[in-house]
file run.cif (mmCIF, C-alpha atoms and all ligand atoms; chains and numbers go by the auth columns)
data_final
loop_
_atom_site.group_PDB
_atom_site.id
_atom_site.type_symbol
_atom_site.label_atom_id
_atom_site.label_comp_id
_atom_site.label_asym_id
_atom_site.label_seq_id
_atom_site.Cartn_x
_atom_site.Cartn_y
_atom_site.Cartn_z
_atom_site.B_iso_or_equiv
_atom_site.auth_seq_id
_atom_site.auth_asym_id
ATOM 1 C CA MET A 1 268.601 119.767 172.046 0.00 1 Y
ATOM 2 C CA PHE A 2 268.437 121.852 168.926 0.00 2 Y
ATOM 3 C CA ILE A 3 265.745 124.509 168.662 0.00 3 Y
ATOM 4 C CA ASP A 4 264.618 127.204 166.249 0.00 4 Y
ATOM 5 C CA THR A 5 262.920 130.237 167.799 0.00 5 Y
ATOM 6 C CA PRO A 6 261.536 133.424 166.164 0.00 6 Y
ATOM 7 C CA VAL A 7 263.877 136.270 165.201 0.00 7 Y
ATOM 8 C CA LEU A 8 261.420 138.776 166.719 0.00 8 Y
ATOM 9 C CA ALA A 9 260.744 138.973 170.442 0.00 9 Y
ATOM 10 C CA PRO A 10 258.771 141.440 172.574 0.00 10 Y
ATOM 11 C CA GLN A 11 260.393 144.181 174.613 0.00 11 Y
ATOM 12 C CA PRO A 12 260.122 142.475 178.059 0.00 12 Y
ATOM 13 C CA VAL A 13 262.481 139.718 176.847 0.00 13 Y
ATOM 14 C CA PHE A 14 265.241 142.209 176.106 0.00 14 Y
ATOM 15 C CA LYS A 15 264.474 144.329 179.141 0.00 15 Y
ATOM 16 C CA ALA A 16 265.064 141.253 181.305 0.00 16 Y
ATOM 17 C CA SER A 17 268.223 140.301 179.438 0.00 17 Y
ATOM 18 C CA GLY A 18 269.699 143.783 179.845 0.00 18 Y
ATOM 19 C CA HIS A 19 269.842 144.515 176.118 0.00 19 Y
ATOM 20 C CA ILE A 20 267.442 147.477 176.285 0.00 20 Y
ATOM 21 C CA ASP A 21 269.556 149.241 178.911 0.00 21 Y
ATOM 22 C CA ARG A 22 273.057 148.156 178.097 0.00 22 Y
ATOM 23 C CA PHE A 23 273.441 146.737 174.593 0.00 23 Y
ATOM 24 C CA SER A 24 274.807 149.936 173.150 0.00 24 Y
ATOM 25 C CA ASP A 25 277.846 151.642 171.709 0.00 25 Y
ATOM 26 C CA LEU A 26 278.953 155.155 172.474 0.00 26 Y
ATOM 27 C CA ALA A 27 278.267 157.403 169.524 0.00 27 Y
ATOM 28 C CA VAL A 28 278.852 161.031 168.678 0.00 28 Y
ATOM 29 C CA GLU A 29 277.070 163.426 166.327 0.00 29 Y
ATOM 30 C CA CYS A 30 278.827 166.311 164.638 0.00 30 Y
ATOM 31 C CA PRO A 31 277.110 169.600 165.614 0.00 31 Y
ATOM 32 C CA SER A 32 278.050 171.099 162.274 0.00 32 Y
ATOM 33 C CA CYS A 33 277.490 168.495 159.518 0.00 33 Y
ATOM 34 C CA ARG A 34 275.279 166.119 161.559 0.00 34 Y
ATOM 35 C CA SER A 35 277.326 163.048 160.648 0.00 35 Y
ATOM 36 C CA LYS A 36 277.143 160.262 163.206 0.00 36 Y
ATOM 37 C CA PHE A 37 280.108 158.162 164.243 0.00 37 Y
ATOM 38 C CA LYS A 38 281.034 155.401 166.596 0.00 38 Y
ATOM 39 C CA LEU A 39 282.964 157.241 169.311 0.00 39 Y
ATOM 40 C CA GLU A 40 285.655 154.567 169.552 0.00 40 Y
ATOM 41 C CA SER A 41 286.665 154.959 165.901 0.00 41 Y
ATOM 42 C CA VAL A 42 286.651 158.776 166.012 0.00 42 Y
ATOM 43 C CA LEU A 43 288.848 158.750 169.110 0.00 43 Y
ATOM 44 C CA LYS A 44 291.218 156.348 167.388 0.00 44 Y
ATOM 45 C CA ARG A 45 291.477 158.640 164.356 0.00 45 Y
ATOM 46 C CA ASN A 46 292.311 161.458 166.760 0.00 46 Y
ATOM 47 C CA GLY A 47 295.058 159.388 168.380 0.00 47 Y
ATOM 48 C CA ILE A 48 293.177 158.393 171.539 0.00 48 Y
ATOM 49 C CA GLY A 49 293.361 154.656 172.148 0.00 49 Y
ATOM 50 C CA LYS A 50 291.548 154.428 175.476 0.00 50 Y
ATOM 51 C CA VAL A 51 287.823 153.781 175.062 0.00 51 Y
ATOM 52 C CA PRO A 52 285.594 155.550 177.629 0.00 52 Y
ATOM 53 C CA LEU A 53 283.292 153.253 179.558 0.00 53 Y
ATOM 54 C CA ASN A 54 280.200 155.437 179.682 0.00 54 Y
ATOM 55 C CA VAL A 55 278.662 158.689 178.471 0.00 55 Y
ATOM 56 C CA GLU A 56 280.014 160.728 181.412 0.00 56 Y
ATOM 57 C CA GLU A 57 283.556 159.527 180.833 0.00 57 Y
ATOM 58 C CA ALA A 58 283.210 160.095 177.088 0.00 58 Y
ATOM 59 C CA ASN A 59 282.001 163.653 177.585 0.00 59 Y
ATOM 60 C CA GLY A 60 284.916 164.227 179.963 0.00 60 Y
ATOM 61 C CA VAL A 61 287.309 163.254 177.157 0.00 61 Y
ATOM 62 C CA LEU A 62 285.483 165.401 174.596 0.00 62 Y
ATOM 63 C CA THR A 63 285.667 168.406 176.942 0.00 63 Y
ATOM 64 C CA SER A 64 289.357 168.067 177.732 0.00 64 Y
ATOM 65 C CA VAL A 65 290.664 167.086 174.283 0.00 65 Y
ATOM 66 C CA GLU A 66 289.773 168.594 170.935 0.00 66 Y
ATOM 67 C CA VAL A 67 288.324 165.717 168.933 0.00 67 Y
ATOM 68 C CA LYS A 68 287.521 166.598 165.339 0.00 68 Y
ATOM 69 C CA CYS A 69 284.763 165.408 163.011 0.00 69 Y
ATOM 70 C CA PRO A 70 286.353 163.196 160.315 0.00 70 Y
ATOM 71 C CA GLU A 71 283.990 164.718 157.710 0.00 71 Y
ATOM 72 C CA CYS A 72 284.152 168.470 158.274 0.00 72 Y
ATOM 73 C CA GLY A 73 286.728 169.026 161.020 0.00 73 Y
ATOM 74 C CA ALA A 74 284.320 170.648 163.498 0.00 74 Y
ATOM 75 C CA ARG A 75 284.881 169.920 167.169 0.00 75 Y
ATOM 76 C CA LEU A 76 282.798 167.044 168.554 0.00 76 Y
ATOM 77 C CA ARG A 77 281.365 167.746 171.980 0.00 77 Y
ATOM 78 C CA GLU A 78 278.687 165.352 173.063 0.00 78 Y
ATOM 79 C CA ALA A 79 278.526 161.559 173.197 0.00 79 Y
ATOM 80 C CA TYR A 80 275.410 159.449 173.609 0.00 80 Y
ATOM 81 C CA ASP A 81 274.437 155.806 173.977 0.00 81 Y
ATOM 82 C CA PHE A 82 273.293 154.193 170.758 0.00 82 Y
ATOM 83 C CA ASN A 83 271.317 150.985 171.237 0.00 83 Y
ATOM 84 C CA LEU A 84 272.320 148.292 168.775 0.00 84 Y
ATOM 85 C CA MET A 85 268.954 146.584 168.483 0.00 85 Y
ATOM 86 C CA PHE A 86 266.456 147.115 165.682 0.00 86 Y
ATOM 87 C CA PRO A 87 263.019 147.983 167.063 0.00 87 Y
ATOM 88 C CA VAL A 88 259.991 146.861 165.047 0.00 88 Y
ATOM 89 C CA GLN A 89 256.627 148.469 165.717 0.00 89 Y
ATOM 90 C CA GLY A 90 253.913 145.844 166.125 0.00 90 Y
ATOM 91 C CA LYS A 91 250.211 146.646 166.324 0.00 91 Y
ATOM 92 C CA GLU A 92 250.217 147.228 170.061 0.00 92 Y
ATOM 93 C CA GLU A 93 253.751 146.722 171.217 0.00 93 Y
ATOM 94 C CA THR A 94 257.385 147.231 170.264 0.00 94 Y
ATOM 95 C CA LEU A 95 259.277 144.141 169.263 0.00 95 Y
ATOM 96 C CA TYR A 96 262.974 143.756 168.537 0.00 96 Y
ATOM 97 C CA LEU A 97 264.953 141.772 166.033 0.00 97 Y
ATOM 98 C CA ARG A 98 267.137 139.576 168.196 0.00 98 Y
ATOM 99 C CA PRO A 99 270.769 140.693 168.496 0.00 99 Y
ATOM 100 C CA GLU A 100 271.772 137.123 169.323 0.00 100 Y
ATOM 101 C CA THR A 101 270.143 133.700 169.378 0.00 101 Y
ATOM 102 C CA ALA A 102 270.542 132.991 173.106 0.00 102 Y
ATOM 103 C CA GLN A 103 267.338 134.662 174.323 0.00 103 Y
ATOM 104 C CA GLY A 104 265.198 132.153 172.421 0.00 104 Y
ATOM 105 C CA ILE A 105 266.854 129.457 174.502 0.00 105 Y
ATOM 106 C CA PHE A 106 266.526 131.320 177.813 0.00 106 Y
ATOM 107 C CA VAL A 107 262.838 132.179 177.469 0.00 107 Y
ATOM 108 C CA ASN A 108 262.097 128.543 176.617 0.00 108 Y
ATOM 109 C CA PHE A 109 264.167 127.181 179.490 0.00 109 Y
ATOM 110 C CA ARG A 110 261.220 125.703 181.399 0.00 110 Y
ATOM 111 C CA LEU A 111 259.873 123.925 178.343 0.00 111 Y
ATOM 112 C CA LEU A 112 263.302 122.608 177.388 0.00 112 Y
ATOM 113 C CA ASN A 113 263.997 121.468 180.929 0.00 113 Y
ATOM 114 C CA ASN A 114 260.669 119.628 180.981 0.00 114 Y
ATOM 115 C CA VAL A 115 261.699 117.803 177.827 0.00 115 Y
ATOM 116 C CA ALA A 116 264.998 116.992 179.575 0.00 116 Y
ATOM 117 C CA ARG A 117 262.904 115.576 182.481 0.00 117 Y
ATOM 118 C CA ASN A 118 263.996 118.377 184.793 0.00 118 Y
ATOM 119 C CA ARG A 119 267.560 117.191 184.786 0.00 119 Y
ATOM 120 C CA LEU A 120 270.748 119.241 184.724 0.00 120 Y
ATOM 121 C CA PRO A 121 273.236 119.641 183.141 0.00 121 Y
ATOM 122 C CA MET A 122 271.265 120.387 180.037 0.00 122 Y
ATOM 123 C CA ALA A 123 272.388 121.853 176.725 0.00 123 Y
ATOM 124 C CA ALA A 124 270.361 123.611 174.056 0.00 124 Y
ATOM 125 C CA ALA A 125 271.623 124.891 170.728 0.00 125 Y
ATOM 126 C CA GLN A 126 270.353 127.247 168.098 0.00 126 Y
ATOM 127 C CA LEU A 127 271.572 128.391 164.702 0.00 127 Y
ATOM 128 C CA GLY A 128 270.046 131.423 163.075 0.00 128 Y
ATOM 129 C CA LYS A 129 270.066 135.076 162.156 0.00 129 Y
ATOM 130 C CA GLY A 130 271.048 137.851 164.539 0.00 130 Y
ATOM 131 C CA PHE A 131 270.669 141.573 163.824 0.00 131 Y
ATOM 132 C CA ARG A 132 272.705 144.496 165.098 0.00 132 Y
ATOM 133 C CA ASN A 133 272.266 148.113 164.168 0.00 133 Y
ATOM 134 C CA GLU A 134 275.967 148.873 163.867 0.00 134 Y
ATOM 135 C CA ILE A 135 276.752 152.570 163.590 0.00 135 Y
ATOM 136 C CA SER A 136 279.317 151.988 160.875 0.00 136 Y
ATOM 137 C CA PRO A 137 278.968 148.400 159.675 0.00 137 Y
ATOM 138 C CA ARG A 138 281.838 146.970 157.751 0.00 138 Y
ATOM 139 C CA GLN A 139 280.742 144.691 154.979 0.00 139 Y
ATOM 140 C CA GLY A 140 283.032 141.898 156.011 0.00 140 Y
ATOM 141 C CA LEU A 141 282.757 138.408 157.355 0.00 141 Y
ATOM 142 C CA ILE A 142 282.471 139.423 160.962 0.00 142 Y
ATOM 143 C CA ARG A 143 280.545 142.682 161.356 0.00 143 Y
ATOM 144 C CA MET A 144 277.404 143.259 159.374 0.00 144 Y
ATOM 145 C CA ARG A 145 273.907 144.288 160.352 0.00 145 Y
ATOM 146 C CA GLU A 146 272.577 140.814 159.689 0.00 146 Y
ATOM 147 C CA PHE A 147 274.625 137.743 160.416 0.00 147 Y
ATOM 148 C CA THR A 148 274.312 134.055 161.140 0.00 148 Y
ATOM 149 C CA GLN A 149 275.098 132.945 164.619 0.00 149 Y
ATOM 150 C CA GLY A 150 275.364 129.584 166.344 0.00 150 Y
ATOM 151 C CA GLU A 151 275.018 129.241 170.095 0.00 151 Y
ATOM 152 C CA VAL A 152 275.054 126.420 172.602 0.00 152 Y
ATOM 153 C CA GLU A 153 273.862 127.202 176.117 0.00 153 Y
ATOM 154 C CA VAL A 154 274.818 124.706 178.806 0.00 154 Y
ATOM 155 C CA PHE A 155 272.894 124.855 182.088 0.00 155 Y
ATOM 156 C CA LEU A 156 274.458 123.513 185.279 0.00 156 Y
ATOM 157 C CA ASP A 157 272.949 123.092 188.714 0.00 157 Y
ATOM 158 C CA PRO A 158 274.623 125.899 190.743 0.00 158 Y
ATOM 159 C CA GLU A 159 274.665 123.581 193.787 0.00 159 Y
ATOM 160 C CA ARG A 160 276.343 120.738 191.899 0.00 160 Y
ATOM 161 C CA LYS A 161 279.047 122.097 189.670 0.00 161 Y
ATOM 162 C CA GLU A 162 281.056 118.909 189.251 0.00 162 Y
ATOM 163 C CA TRP A 163 281.921 118.013 185.692 0.00 163 Y
ATOM 164 C CA LYS A 164 283.553 115.147 183.838 0.00 164 Y
ATOM 165 C CA GLU A 165 287.352 114.955 183.588 0.00 165 Y
ATOM 166 C CA ILE A 166 289.013 117.329 181.147 0.00 166 Y
ATOM 167 C CA PRO A 167 290.882 115.277 178.517 0.00 167 Y
ATOM 168 C CA ASP A 168 294.509 115.800 177.496 0.00 168 Y
ATOM 169 C CA TYR A 169 294.836 118.654 175.042 0.00 169 Y
ATOM 170 C CA GLU A 170 297.356 121.050 173.596 0.00 170 Y
ATOM 171 C CA GLU A 171 298.254 124.351 175.216 0.00 171 Y
ATOM 172 C CA ILE A 172 296.097 127.362 174.412 0.00 172 Y
ATOM 173 C CA LEU A 173 296.901 130.998 175.084 0.00 173 Y
ATOM 174 C CA PHE A 174 294.687 132.313 177.881 0.00 174 Y
ATOM 175 C CA VAL A 175 294.378 135.978 178.777 0.00 175 Y
ATOM 176 C CA PRO A 176 292.834 136.175 182.260 0.00 176 Y
ATOM 177 C CA PRO A 177 290.798 139.367 182.660 0.00 177 Y
ATOM 178 C CA ASN A 178 292.198 140.184 186.104 0.00 178 Y
ATOM 179 C CA THR A 179 295.819 140.381 184.961 0.00 179 Y
ATOM 180 C CA GLY A 180 295.548 140.756 181.182 0.00 180 Y
ATOM 181 C CA ARG A 181 298.827 138.839 180.983 0.00 181 Y
ATOM 182 C CA PRO A 182 298.753 135.984 178.430 0.00 182 Y
ATOM 183 C CA VAL A 183 299.388 132.513 179.866 0.00 183 Y
ATOM 184 C CA ARG A 184 299.929 129.374 177.834 0.00 184 Y
ATOM 185 C CA ALA A 185 298.227 126.340 179.405 0.00 185 Y
ATOM 186 C CA THR A 186 296.219 123.243 178.594 0.00 186 Y
ATOM 187 C CA PRO A 187 292.518 123.580 179.469 0.00 187 Y
ATOM 188 C CA ARG A 188 293.002 121.145 182.362 0.00 188 Y
ATOM 189 C CA ASP A 189 295.954 123.108 183.790 0.00 189 Y
ATOM 190 C CA ALA A 190 294.009 126.335 183.278 0.00 190 Y
ATOM 191 C CA PHE A 191 291.288 124.973 185.524 0.00 191 Y
ATOM 192 C CA GLU A 192 293.648 123.445 188.096 0.00 192 Y
ATOM 193 C CA THR A 193 295.679 126.638 188.442 0.00 193 Y
ATOM 194 C CA GLY A 194 292.594 128.846 188.669 0.00 194 Y
ATOM 195 C CA ILE A 195 292.954 130.668 185.338 0.00 195 Y
ATOM 196 C CA VAL A 196 289.528 129.271 184.474 0.00 196 Y
ATOM 197 C CA LYS A 197 287.393 129.023 187.601 0.00 197 Y
ATOM 198 C CA ASN A 198 284.856 126.509 186.363 0.00 198 Y
ATOM 199 C CA LYS A 199 285.605 122.947 185.267 0.00 199 Y
ATOM 200 C CA ALA A 200 282.756 122.756 182.773 0.00 200 Y
ATOM 201 C CA LEU A 201 283.919 126.011 181.228 0.00 201 Y
ATOM 202 C CA ALA A 202 287.463 124.680 180.779 0.00 202 Y
ATOM 203 C CA TYR A 203 285.962 121.561 179.192 0.00 203 Y
ATOM 204 C CA PHE A 204 283.933 123.613 176.704 0.00 204 Y
ATOM 205 C CA ILE A 205 286.869 125.870 175.846 0.00 205 Y
ATOM 206 C CA LEU A 206 288.664 122.665 174.817 0.00 206 Y
ATOM 207 C CA LYS A 207 285.667 121.368 172.845 0.00 207 Y
ATOM 208 C CA THR A 208 285.130 124.680 171.078 0.00 208 Y
ATOM 209 C CA HIS A 209 288.815 125.101 170.264 0.00 209 Y
ATOM 210 C CA ARG A 210 288.830 121.600 168.823 0.00 210 Y
ATOM 211 C CA ILE A 211 285.746 122.185 166.666 0.00 211 Y
ATOM 212 C CA LEU A 212 286.951 125.526 165.330 0.00 212 Y
ATOM 213 C CA THR A 213 290.493 124.392 164.543 0.00 213 Y
ATOM 214 C CA SER A 214 289.103 121.224 162.903 0.00 214 Y
ATOM 215 C CA VAL A 215 287.152 123.366 160.429 0.00 215 Y
ATOM 216 C CA GLY A 216 290.279 125.284 159.489 0.00 216 Y
ATOM 217 C CA ILE A 217 290.334 128.334 161.736 0.00 217 Y
ATOM 218 C CA GLU A 218 293.969 129.078 162.432 0.00 218 Y
ATOM 219 C CA LYS A 219 295.587 127.891 165.614 0.00 219 Y
ATOM 220 C CA GLY A 220 297.309 130.337 167.885 0.00 220 Y
ATOM 221 C CA GLY A 221 294.109 132.101 168.816 0.00 221 Y
ATOM 222 C CA ARG A 222 293.590 132.927 172.420 0.00 222 Y
ATOM 223 C CA SER A 223 290.925 132.685 175.026 0.00 223 Y
ATOM 224 C CA GLY A 224 290.518 135.884 176.919 0.00 224 Y
ATOM 225 C CA SER A 225 288.874 139.209 177.141 0.00 225 Y
ATOM 226 C CA GLY A 226 286.851 140.901 174.461 0.00 226 Y
ATOM 227 C CA SER A 227 287.869 144.298 173.273 0.00 227 Y
ATOM 228 C CA THR A 228 284.765 146.346 173.975 0.00 228 Y
ATOM 229 C CA ARG A 229 282.976 147.231 177.153 0.00 229 Y
ATOM 230 C CA ARG A 230 279.989 145.102 176.209 0.00 230 Y
ATOM 231 C CA ARG A 231 282.065 141.982 176.074 0.00 231 Y
ATOM 232 C CA SER A 232 284.184 142.141 179.155 0.00 232 Y
ATOM 233 C CA TRP A 233 285.213 138.727 180.419 0.00 233 Y
ATOM 234 C CA PRO A 234 284.201 136.685 182.359 0.00 234 Y
ATOM 235 C CA THR A 235 280.637 137.877 182.340 0.00 235 Y
ATOM 236 C CA THR A 236 278.650 139.748 179.772 0.00 236 Y
ATOM 237 C CA PRO A 237 276.192 142.088 181.471 0.00 237 Y
ATOM 238 C CA ALA A 238 273.718 141.538 178.674 0.00 238 Y
ATOM 239 C CA THR A 239 272.975 137.932 179.498 0.00 239 Y
ATOM 240 C CA ALA A 240 272.103 135.638 182.310 0.00 240 Y
ATOM 241 C CA GLY A 241 275.167 135.918 184.513 0.00 241 Y
ATOM 242 C CA THR A 242 276.900 132.981 182.902 0.00 242 Y
ATOM 243 C CA LEU A 243 280.647 132.758 182.486 0.00 243 Y
ATOM 244 C CA ARG A 244 281.443 133.561 178.919 0.00 244 Y
ATOM 245 C CA PRO A 245 284.965 133.535 177.563 0.00 245 Y
ATOM 246 C CA THR A 246 285.859 134.800 174.141 0.00 246 Y
ATOM 247 C CA LEU A 247 288.084 132.909 171.769 0.00 247 Y
ATOM 248 C CA MET A 248 290.019 135.183 169.492 0.00 248 Y
ATOM 249 C CA THR A 249 292.255 134.800 166.499 0.00 249 Y
ATOM 250 C CA SER A 250 294.400 137.531 164.976 0.00 250 Y
ATOM 251 C CA GLY A 251 292.456 140.042 167.034 0.00 251 Y
ATOM 252 C CA LEU A 252 289.073 139.010 165.631 0.00 252 Y
ATOM 253 C CA ARG A 253 286.487 137.444 167.850 0.00 253 Y
ATOM 254 C CA TRP A 254 285.398 134.066 166.622 0.00 254 Y
ATOM 255 C CA LEU A 255 283.470 132.841 169.560 0.00 255 Y
ATOM 256 C CA GLY A 256 281.944 134.638 172.470 0.00 256 Y
HETATM 257 ZN ZN ZN B . 281.137 167.295 160.811 0.00 301 Y
#

call {"tool": "encode", "arguments": {"input": "run.cif", "output": "structure tokens"}}
result
Amino acid sequence: MFIDTPVLAPQPVFKASGHIDRFSDLAVECPSCRSKFKLESVLKRNGIGKVPLNVEEANGVLTSVEVKCPECGARLREAYDFNLMFPVQGKEETLYLRPETAQGIFVNFRLLNNVARNRLPMAAAQLGKGFRNEISPRQGLIRMREFTQGEVEVFLDPERKEWKEIPDYEEILFVPPNTGRPVRATPRDAFETGIVKNKALAYFILKTHRILTSVGIEKGGRSGSGSTRRRSWPTTPATAGTLRPTLMTSGLRWLG
């Protein structure tokens, strides 16, 4: 099913999805010139590659190492969480511009499942705008404040996880989150050897890889972990507890 839901949704939707509490980047404000930066990039400029996982850890780093403001050179001392959603003040409530298209599918699950005659598996897709209040947006193809996103959500009965056979396919580079060691395998072998725990997921990795390479995205990408704390594989805390791999090419995320 293909649906088209509003780009604005009320706060309870994003409270339930976890976006209000967790969809954030660590940021830092210079006490001297008041410039604001994404902490990750400032640490990188100061030669620190490891990204802290939370505010406490970040402040630990800022206390022990002298990290300088890229603008004026003053010492940066305090990190904070910067939520990436755009709030919009309605007449009586706060709404948010959606940071991704999935929530429109989740909040309409009951309606969609009625249309599907209460049967699972069921798939719903949506194409549309997403909005993210990036601290330092790069005007490129991948990271802007407003971008077009396409999502397909597939719902399986948790009691009946069987799935159709996974067809023959070429080997893809998988990076399992538990080891971080790249493994080359076909999607079927990845499932049978436990690299991918779920048969349907292995099937959709194949399908997605096939679609993306057929439209010209270079081969040699990998399926594995995202690079930021928000996108750790196999689950993203922001959404409904589904398994969610990330396909990457040349270090850029092209599907999550
Ligand atoms: Zn400064």

call {"tool": "closest_atom_pairs", "arguments": {"input": "run.cif", "of": "chain Y", "to": "ligand ZN 301 (chain Y)", "cutoff": "7 Å", "atoms": "all atoms listed in the file", "output": "tab-separated table"}}
result
residue	atom	partner	partner_atom	distance
Y:Cys30	CA	Y:ZN301	ZN	4.6
Y:Pro31	CA	Y:ZN301	ZN	6.7
Y:Ser32	CA	Y:ZN301	ZN	5.1
Y:Cys33	CA	Y:ZN301	ZN	4.1
Y:Arg34	CA	Y:ZN301	ZN	6.0
Y:Ser35	CA	Y:ZN301	ZN	5.7
Y:Cys69	CA	Y:ZN301	ZN	4.6
Y:Pro70	CA	Y:ZN301	ZN	6.7
Y:Glu71	CA	Y:ZN301	ZN	4.9
Y:Cys72	CA	Y:ZN301	ZN	4.1
Y:Gly73	CA	Y:ZN301	ZN	5.9
Y:Ala74	CA	Y:ZN301	ZN	5.3

call {"tool": "atom_distance", "arguments": {"input": "run.cif", "atom1": "CA of Ile135 in chain Y", "atom2": "CA of Phe37 in chain Y"}}
result
6.6 Å

call {"tool": "closest_residue", "arguments": {"input": "run.cif", "among": "Y:Ile211, Y:Leu156, Y:Leu62, Y:Leu8", "to": "Pro121 in chain Y", "atoms": "all atoms listed in the file"}}
result
Y:Leu156

call {"tool": "resolve_selection", "arguments": {"input": "run.cif", "expression": "the PyMOL selection byres (((chain Y and resi 102) around 12) and not hetatm)", "output": "PyMOL selection string"}}
result
chain Y and resi 3-7+9+13-14+17+19+98-101+103-109+123-130+149-154+238-240+242+256

call {"tool": "closest_residue", "arguments": {"input": "run.cif", "among": "Y:Lys199, Y:Glu162, Y:Phe155, Y:Tyr80", "to": "Arg110 in chain Y", "atoms": "all atoms listed in the file"}}
result
Y:Phe155

call {"tool": "atom_distance", "arguments": {"input": "run.cif", "atom1": "CA of Phe131 in chain Y", "atom2": "CA of Ala16 in chain Y"}}
result
18.4 Å

call {"tool": "resolve_selection", "arguments": {"input": "run.cif", "expression": "the PyMOL selection byres (((chain Y and resi 48) around 12) and not hetatm)", "output": "list of chain:residue names"}}
result
Y:Leu39, Y:Glu40, Y:Ser41, Y:Val42, Y:Leu43, Y:Lys44, Y:Arg45, Y:Asn46, Y:Gly47, Y:Gly49, Y:Lys50, Y:Val51, Y:Pro52, Y:Ala58, Y:Val61, Y:Leu62, Y:Val65, Y:Glu66, Y:Val67, Y:Lys68

call {"tool": "atom_distance", "arguments": {"input": "run.cif", "atom1": "CA of Glu134 in chain Y", "atom2": "CA of Glu29 in chain Y"}}
result
14.8 Å

call {"tool": "closest_residue", "arguments": {"input": "run.cif", "among": "Y:Tyr96, Y:Pro176, Y:Pro12, Y:Lys38", "to": "Gly194 in chain Y", "atoms": "only C-alpha atoms"}}
result
Y:Pro176

call {"tool": "axis_aligned_box", "arguments": {"input": "run.cif", "around": "range 64-71 of chain Y", "padding_each_side": "3 Å", "output": "lines of an AutoDock Vina configuration file"}}
result
center_x = 287.3
center_y = 165.9
center_z = 167.7
size_x = 12.7
size_y = 11.4
size_z = 26.0

call {"tool": "resolve_selection", "arguments": {"input": "run.cif", "expression": "the PyMOL selection byres (((chain Y and resi 166) around 8) and not hetatm)", "output": "list in words"}}
result
Lys164, Glu165, Pro167, Asp168, Pro187, Arg188, Lys199, Ala202 and Tyr203 of chain Y

call {"tool": "closest_residue", "arguments": {"input": "run.cif", "among": "Y:Leu111, Y:Ala185, Y:Met85, Y:Ala200", "to": "Trp163 in chain Y", "atoms": "all atoms listed in the file"}}
result
Y:Ala200

call {"tool": "build_atoms", "arguments": {"input": "run.cif", "residues": "range 100-112 of chain Y", "atoms": "N, CA and C atoms", "output": "PDB file, keeping the file's coordinate frame"}}
result
ATOM      1  N   GLU Y 100     271.069 138.401 169.198  1.00  0.00           N
ATOM      2  CA  GLU Y 100     271.772 137.123 169.323  1.00  0.00           C
ATOM      3  C   GLU Y 100     270.723 136.036 169.496  1.00  0.00           C
ATOM      4  N   THR Y 101     271.129 134.789 169.354  1.00  0.00           N
ATOM      5  CA  THR Y 101     270.143 133.700 169.378  1.00  0.00           C
ATOM      6  C   THR Y 101     269.865 133.176 170.785  1.00  0.00           C
ATOM      7  N   ALA Y 102     270.642 133.596 171.765  1.00  0.00           N
ATOM      8  CA  ALA Y 102     270.542 132.991 173.106  1.00  0.00           C
ATOM      9  C   ALA Y 102     269.185 133.185 173.771  1.00  0.00           C
ATOM     10  N   GLN Y 103     268.570 134.388 173.576  1.00  0.00           N
ATOM     11  CA  GLN Y 103     267.338 134.662 174.323  1.00  0.00           C
ATOM     12  C   GLN Y 103     266.239 133.659 174.011  1.00  0.00           C
ATOM     13  N   GLY Y 104     266.201 133.163 172.776  1.00  0.00           N
ATOM     14  CA  GLY Y 104     265.198 132.153 172.421  1.00  0.00           C
ATOM     15  C   GLY Y 104     265.363 130.891 173.250  1.00  0.00           C
ATOM     16  N   ILE Y 105     266.592 130.625 173.643  1.00  0.00           N
ATOM     17  CA  ILE Y 105     266.854 129.457 174.502  1.00  0.00           C
ATOM     18  C   ILE Y 105     266.450 129.784 175.938  1.00  0.00           C
ATOM     19  N   PHE Y 106     266.822 130.978 176.410  1.00  0.00           N
ATOM     20  CA  PHE Y 106     266.526 131.320 177.813  1.00  0.00           C
ATOM     21  C   PHE Y 106     265.022 131.389 178.083  1.00  0.00           C
ATOM     22  N   VAL Y 107     264.272 132.032 177.181  1.00  0.00           N
ATOM     23  CA  VAL Y 107     262.838 132.179 177.469  1.00  0.00           C
ATOM     24  C   VAL Y 107     262.104 130.838 177.366  1.00  0.00           C
ATOM     25  N   ASN Y 108     262.721 129.868 176.708  1.00  0.00           N
ATOM     26  CA  ASN Y 108     262.097 128.543 176.617  1.00  0.00           C
ATOM     27  C   ASN Y 108     262.714 127.554 177.600  1.00  0.00           C
ATOM     28  N   PHE Y 109     263.442 128.074 178.583  1.00  0.00           N
ATOM     29  CA  PHE Y 109     264.167 127.181 179.490  1.00  0.00           C
ATOM     30  C   PHE Y 109     263.238 126.145 180.153  1.00  0.00           C
ATOM     31  N   ARG Y 110     262.102 126.618 180.661  1.00  0.00           N
ATOM     32  CA  ARG Y 110     261.220 125.703 181.399  1.00  0.00           C
ATOM     33  C   ARG Y 110     260.733 124.562 180.500  1.00  0.00           C
ATOM     34  N   LEU Y 111     260.350 124.929 179.302  1.00  0.00           N
ATOM     35  CA  LEU Y 111     259.873 123.925 178.343  1.00  0.00           C
ATOM     36  C   LEU Y 111     260.989 122.919 178.006  1.00  0.00           C
ATOM     37  N   LEU Y 112     262.165 123.468 177.740  1.00  0.00           N
ATOM     38  CA  LEU Y 112     263.302 122.608 177.388  1.00  0.00           C
ATOM     39  C   LEU Y 112     263.664 121.696 178.558  1.00  0.00           C
TER      40      LEU Y 112
END
